[in-house]
file model-v4.csv (CSV, C-alpha atoms)
chain,number,residue,atom,x,y,z
A,6,MET,CA,10.0,-30.9,-112.8
A,7,THR,CA,9.2,-32.7,-109.6
A,8,THR,CA,7.2,-30.9,-106.9
A,9,GLU,CA,8.1,-31.8,-103.3
A,10,SER,CA,5.0,-33.0,-101.5
A,11,ASN,CA,3.9,-30.9,-98.5
A,12,GLU,CA,1.7,-33.7,-97.1
A,13,PRO,CA,3.8,-34.5,-94.0
A,14,ARG,CA,4.0,-30.9,-93.1
A,15,ASP,CA,0.3,-30.4,-93.7
A,16,ARG,CA,-0.4,-33.4,-91.5
A,17,ALA,CA,1.9,-32.0,-88.8
A,18,ALA,CA,0.1,-28.7,-89.0
A,19,GLU,CA,-3.2,-30.6,-88.6
A,20,LEU,CA,-2.1,-32.6,-85.6
A,21,ALA,CA,-0.6,-29.4,-84.1
A,22,ALA,CA,-3.9,-27.6,-84.4
A,23,LEU,CA,-5.8,-30.4,-82.9
A,24,GLN,CA,-3.4,-30.8,-80.0
A,25,ALA,CA,-3.2,-27.1,-79.4
A,26,VAL,CA,-7.0,-27.0,-78.8
A,27,GLY,CA,-7.1,-30.3,-77.0
A,28,ALA,CA,-9.0,-32.1,-79.7
A,29,LEU,CA,-6.8,-35.1,-80.2
A,30,ASP,CA,-8.0,-38.5,-78.9
A,31,GLY,CA,-7.6,-42.2,-79.6
A,32,GLU,CA,-4.6,-43.4,-81.6
A,33,ASP,CA,-3.5,-39.9,-82.6
A,34,ALA,CA,-3.4,-38.7,-79.0
A,35,ALA,CA,-1.4,-41.9,-78.0
A,36,SER,CA,1.0,-41.4,-81.0
A,37,MET,CA,1.7,-37.8,-80.1
A,38,ALA,CA,2.2,-38.7,-76.4
A,39,HIS,CA,4.7,-41.3,-77.6
A,40,CYS,CA,6.5,-38.9,-79.8
A,41,ASP,CA,6.9,-36.4,-76.9
A,42,VAL,CA,9.1,-39.0,-75.1
A,43,CYS,CA,10.8,-40.7,-78.1
A,44,PRO,CA,14.1,-39.2,-79.4
A,45,PHE,CA,13.2,-40.1,-82.9
A,46,GLY,CA,9.7,-38.6,-82.5
A,47,ARG,CA,11.1,-35.4,-81.1
A,48,ALA,CA,13.5,-35.1,-84.1
A,49,ALA,CA,10.6,-35.7,-86.5
A,50,ILE,CA,8.4,-33.1,-84.7
A,51,THR,CA,11.2,-30.5,-84.9
A,52,ALA,CA,11.9,-31.3,-88.6
A,53,LEU,CA,8.2,-31.0,-89.6
A,54,GLY,CA,7.9,-27.7,-87.8
A,55,PHE,CA,5.2,-29.2,-85.5
A,56,GLU,CA,6.0,-27.0,-82.5
A,57,ASN,CA,5.9,-23.8,-84.7
A,58,ALA,CA,2.6,-24.8,-86.1
A,59,ALA,CA,1.2,-25.6,-82.6
A,60,ALA,CA,2.4,-22.2,-81.4
A,61,ALA,CA,0.7,-20.4,-84.3
A,62,ILE,CA,-2.6,-22.3,-83.8
A,63,SER,CA,-2.5,-21.6,-80.1
A,64,ALA,CA,-2.0,-17.9,-80.7
A,65,THR,CA,-5.1,-18.0,-83.0
A,66,VAL,CA,-7.3,-19.9,-80.6
A,67,PHE,CA,-6.0,-18.0,-77.5
A,68,PRO,CA,-5.3,-14.4,-78.5
A,69,PRO,CA,-2.6,-12.6,-76.5
A,70,VAL,CA,-3.7,-10.6,-73.5
A,71,VAL,CA,-2.3,-7.2,-72.8
A,72,PRO,CA,-1.0,-7.2,-69.3
A,73,SER,CA,-2.2,-4.5,-66.9
A,74,ALA,CA,0.1,-1.6,-65.9
A,75,GLY,CA,2.4,-2.6,-63.1
A,76,LEU,CA,2.0,-6.3,-63.6
A,77,LYS,CA,5.7,-6.9,-64.2
A,78,ASP,CA,6.6,-5.0,-61.0
A,79,LYS,CA,4.1,-7.1,-59.0
A,80,ILE,CA,5.5,-10.3,-60.4
A,81,MET,CA,9.1,-9.3,-59.8
A,82,ALA,CA,8.2,-8.2,-56.2
A,83,ARG,CA,6.7,-11.7,-55.5
A,84,ILE,CA,9.6,-13.7,-56.9
A,85,ALA,CA,12.5,-11.4,-55.9
A,86,PRO,CA,14.3,-12.4,-52.7
A,87,ALA,CA,13.3,-10.4,-49.6
A,88,VAL,CA,15.7,-7.5,-49.0
A,89,PRO,CA,16.1,-6.8,-45.2
A,90,GLU,CA,15.3,-3.4,-44.0
A,91,PRO,CA,18.4,-1.4,-43.4
A,92,LYS,CA,19.1,-0.8,-39.7
A,93,GLU,CA,21.4,1.3,-37.7
A,94,PRO,CA,24.6,-0.6,-36.9
A,95,ASP,CA,24.7,-1.9,-33.3
A,96,SER,CA,27.7,0.1,-32.3
A,97,ASN,CA,28.4,2.6,-29.5
A,98,PHE,CA,31.3,5.1,-29.7
A,99,ILE,CA,32.6,7.0,-26.7
A,100,PHE,CA,35.5,9.3,-27.6
A,101,SER,CA,38.1,10.6,-25.1
A,102,ASP,CA,36.2,13.9,-24.6
A,103,GLU,CA,32.9,12.2,-24.0
A,104,GLY,CA,31.3,10.2,-21.2
A,105,GLU,CA,30.8,11.1,-17.5
A,106,TRP,CA,33.6,10.9,-14.9
A,107,GLN,CA,32.6,9.9,-11.4
A,108,THR,CA,34.7,10.4,-8.4
A,109,LEU,CA,35.2,7.6,-5.8
A,110,PRO,CA,35.2,8.2,-2.1
A,111,GLY,CA,38.4,9.9,-1.1
A,112,GLY,CA,38.6,12.1,-4.1
A,113,GLN,CA,41.8,10.6,-5.5
A,114,ILE,CA,40.3,8.2,-8.0
A,115,ARG,CA,37.7,8.7,-10.8
A,116,ILE,CA,36.1,6.4,-13.2
A,117,LYS,CA,34.3,6.6,-16.6
A,118,THR,CA,31.9,3.7,-17.2
A,119,LEU,CA,32.3,2.7,-20.9
A,120,SER,CA,29.9,-0.3,-20.8
A,121,ASP,CA,27.6,-1.6,-18.1
A,122,LEU,CA,25.0,-3.7,-19.9
A,123,PRO,CA,23.0,-6.2,-17.7
A,124,GLU,CA,23.0,-8.8,-20.5
A,125,ALA,CA,26.8,-8.7,-20.7
A,126,GLY,CA,27.4,-9.6,-17.0
A,127,HIS,CA,30.4,-7.4,-16.8
A,128,ALA,CA,31.3,-3.7,-16.9
A,129,MET,CA,34.2,-2.0,-18.7
A,130,ILE,CA,35.6,1.0,-16.8
A,131,LEU,CA,38.3,3.6,-17.5
A,132,LEU,CA,40.1,4.5,-14.3
A,133,GLU,CA,42.3,7.4,-13.4
A,134,ALA,CA,44.2,7.9,-10.1
A,135,THR,CA,46.1,10.9,-8.9
A,136,PRO,CA,49.7,10.6,-7.6
A,137,GLY,CA,49.7,9.1,-4.1
A,138,ALA,CA,46.2,7.6,-4.6
A,139,VAL,CA,45.1,4.8,-2.3
A,140,PHE,CA,42.7,2.0,-3.3
A,141,LEU,CA,40.9,1.0,-0.1
A,142,PRO,CA,40.6,-2.8,0.8
A,143,HIS,CA,37.5,-4.3,-0.8
A,144,PHE,CA,35.9,-7.6,-1.6
A,145,HIS,CA,35.5,-8.9,-5.1
A,146,GLU,CA,32.1,-10.6,-5.5
A,147,GLY,CA,32.9,-11.4,-9.2
A,148,SER,CA,36.2,-11.5,-11.1
A,149,GLU,CA,38.0,-8.3,-12.1
A,150,GLU,CA,40.7,-7.7,-14.7
A,151,VAL,CA,43.0,-4.7,-14.8
A,152,PHE,CA,45.1,-3.5,-17.7
A,153,LEU,CA,47.5,-0.6,-16.9
A,154,ILE,CA,47.7,2.0,-19.7
A,155,SER,CA,50.1,4.4,-18.0
A,156,GLY,CA,51.6,5.2,-14.6
A,157,ASP,CA,52.1,2.7,-11.8
A,158,LEU,CA,50.0,0.5,-9.5
A,159,THR,CA,51.2,-1.4,-6.5
A,160,SER,CA,48.9,-4.4,-5.6
A,161,ASN,CA,49.6,-7.3,-3.4
A,162,GLY,CA,53.2,-6.1,-3.0
A,163,ARG,CA,53.9,-6.1,-6.8
A,164,ILE,CA,54.4,-3.0,-8.9
A,165,LEU,CA,52.6,-2.9,-12.3
A,166,GLY,CA,53.6,-0.6,-15.1
A,167,PRO,CA,52.2,0.3,-18.5
A,168,GLY,CA,51.1,-2.8,-20.4
A,169,ASP,CA,50.9,-5.0,-17.3
A,170,TYR,CA,47.8,-7.0,-16.5
A,171,LEU,CA,46.2,-8.2,-13.2
A,172,ARG,CA,43.3,-10.5,-12.5
A,173,HIS,CA,41.4,-10.9,-9.3
A,174,ALA,CA,39.3,-14.0,-9.0
A,175,ALA,CA,35.7,-13.9,-7.7
A,176,GLY,CA,35.3,-14.2,-4.0
A,177,THR,CA,38.7,-12.7,-3.2
A,178,HIS,CA,39.6,-9.9,-0.8
A,179,HIS,CA,41.6,-7.2,-2.3
A,180,GLU,CA,44.2,-5.6,0.1
A,181,LYS,CA,45.0,-1.9,-0.1
A,182,ALA,CA,46.6,-0.8,-3.4
A,183,THR,CA,48.5,2.4,-4.1
A,184,SER,CA,49.7,4.5,-7.1
A,185,GLU,CA,52.9,6.5,-6.4
A,186,HIS,CA,52.8,8.6,-9.6
A,187,GLY,CA,49.2,8.2,-10.5
A,188,CYS,CA,47.9,5.8,-13.2
A,189,ARG,CA,45.3,5.2,-16.0
A,190,ALA,CA,43.9,1.8,-16.4
A,191,ILE,CA,41.1,-0.3,-18.0
A,192,LEU,CA,39.0,-2.4,-15.7
A,193,VAL,CA,36.8,-5.3,-17.0
A,194,THR,CA,34.9,-6.2,-13.9
A,195,ALA,CA,31.8,-8.2,-12.9
A,196,ARG,CA,28.8,-5.9,-12.7
A,197,GLU,CA,28.3,-6.7,-9.0
A,198,ASN,CA,31.8,-5.2,-8.4
A,199,HIS,CA,30.8,-1.8,-10.0
A,200,PRO,CA,31.2,0.9,-7.3
A,201,ARG,CA,27.9,2.5,-8.2
A,202,LYS,CA,26.5,2.3,-4.7
A,203,ALA,CA,29.6,3.7,-3.1
A,204,ILE,CA,29.6,6.6,-5.7
A,205,ALA,CA,25.9,7.3,-4.9
A,206,ALA,CA,26.6,7.3,-1.2
A,207,TYR,CA,29.6,9.5,-1.6
A,208,SER,CA,27.8,12.0,-3.8
A,209,GLU,CA,25.0,12.3,-1.2
A,210,LEU,CA,27.4,12.8,1.6
A,211,ARG,CA,29.3,15.4,-0.4
A,212,ASN,CA,26.1,17.3,-1.2
A,213,LEU,CA,25.1,17.1,2.5
A,214,VAL,CA,28.4,18.6,3.6
A,215,LYS,CA,28.2,21.3,1.0
A,216,GLY,CA,24.7,22.1,2.2
A,217,VAL,CA,25.8,22.3,5.9
A,218,LEU,CA,28.8,24.5,5.1
A,219,GLY,CA,26.8,26.7,2.8
A,220,SER,CA,24.2,27.3,5.5
call {"tool": "encode", "arguments": {"input": "model-v4.csv", "output": "structure tokens"}}
result
Amino acid sequence: MTTESNEPRDRAAELAALQAVGALDGEDAASMAHCDVCPFGRAAITALGFENAAAAISATVFPPVVPSAGLKDKIMARIAPAVPEPKEPDSNFIFSDEGEWQTLPGGQIRIKTLSDLPEAGHAMILLEATPGAVFLPHFHEGSEEVFLISGDLTSNGRILGPGDYLRHAAGTHHEKATSEHGCRAILVTARENHPRKAIAAYSELRNLVKGVLGS
């Protein structure tokens, strides 16, 4: 009966042990370095179980260390992609029964400001006019766009109905406009066109009159 020699495997285990503890030098170190990059050397290393032996020796020389509690969580926290903090959506809702209505001088027209942000450069306004309302002549410092939702609006001699659109360019003078049956419209107008000053003056005058009459 022939007994298979274990000499190559023993030699591989020896080299594995020496490399695992960093004790190889000279020709042996050069040979192992060559085997690491040579396909045939890599095949021989695998066949002889060199890497398994190196792992076993390394485990003996360098005993396993029990990780501290929470170490895995700390590692995962460092390598995990940053998750942005949730934030409130940048949205603003104004329902039909919300918002503040302001009356323009004359008492026939009222507006609800939907948006008036300085960074936007324009304001969005919901406008309502009573039957027979008159829009007094005024100057447009900036452009103004009008979309009629309902009713009628006569401007520059032309009658607008529901779904019609009108744009006044910046620097234009707007002649008197009227609404025979009343109307409801959306205005997208430059912020400098917003009648906030006229509304404030009208409110002060109305309060003054009420005060005089009340006294």
call {"tool": "closest_residue", "arguments": {"input": "model-v4.csv", "among": "A:Lys92, A:Arg163, A:His186, A:His199", "to": "His145 of chain A", "atoms": "all atoms listed in the file"}}
result
A:His199
call {"tool": "residues_around", "arguments": {"input": "model-v4.csv", "residues": "Glu150 of chain A", "least_positions_apart": "2", "cutoff": "7 Å", "atoms": "all atoms listed in the file", "output": "number ranges by chain"}}
result
A: 148, 152, 171-173, 192-194
call {"tool": "atom_distance", "arguments": {"input": "model-v4.csv", "atom1": "atom CA of Ile116 of chain A", "atom2": "atom CA of Pro136 of chain A"}}
result
15.3 Å
call {"tool": "closest_residue", "arguments": {"input": "model-v4.csv", "among": "A:Ala190, A:Ile84, A:Ala125, A:Ala203", "to": "Leu141 of chain A", "atoms": "only C-alpha atoms"}}
result
A:Ala203
call {"tool": "closest_residue", "arguments": {"input": "model-v4.csv", "among": "A:Asn97, A:Ser184, A:Thr135, A:Thr177", "to": "Leu109 of chain A", "atoms": "only C-alpha atoms"}}
result
A:Thr135
call {"tool": "atom_distance", "arguments": {"input": "model-v4.csv", "atom1": "atom CA of Gly166 of chain A", "atom2": "atom CA of Lys117 of chain A"}}
result
20.7 Å
call {"tool": "residues_around", "arguments": {"input": "model-v4.csv", "residues": "Gly147 of chain A", "least_positions_apart": "3", "cutoff": "7 Å", "atoms": "only C-alpha atoms", "output": "number ranges by chain"}}
result
A: 174-176, 195, 197-198
call {"tool": "closest_residue", "arguments": {"input": "model-v4.csv", "among": "A:Ile154, A:Ala182, A:Ala128, A:Leu218", "to": "Tyr170 of chain A", "atoms": "only C-alpha atoms"}}
result
A:Ile154
call {"tool": "atom_distance", "arguments": {"input": "model-v4.csv", "atom1": "atom CA of Val70 of chain A", "atom2": "atom CA of Ala85 of chain A"}}
result
23.9 Å
call {"tool": "closest_residue", "arguments": {"input": "model-v4.csv", "among": "A:Cys188, A:Leu122, A:Ile80, A:Leu132", "to": "Ile164 of chain A", "atoms": "all atoms listed in the file"}}
result
A:Cys188
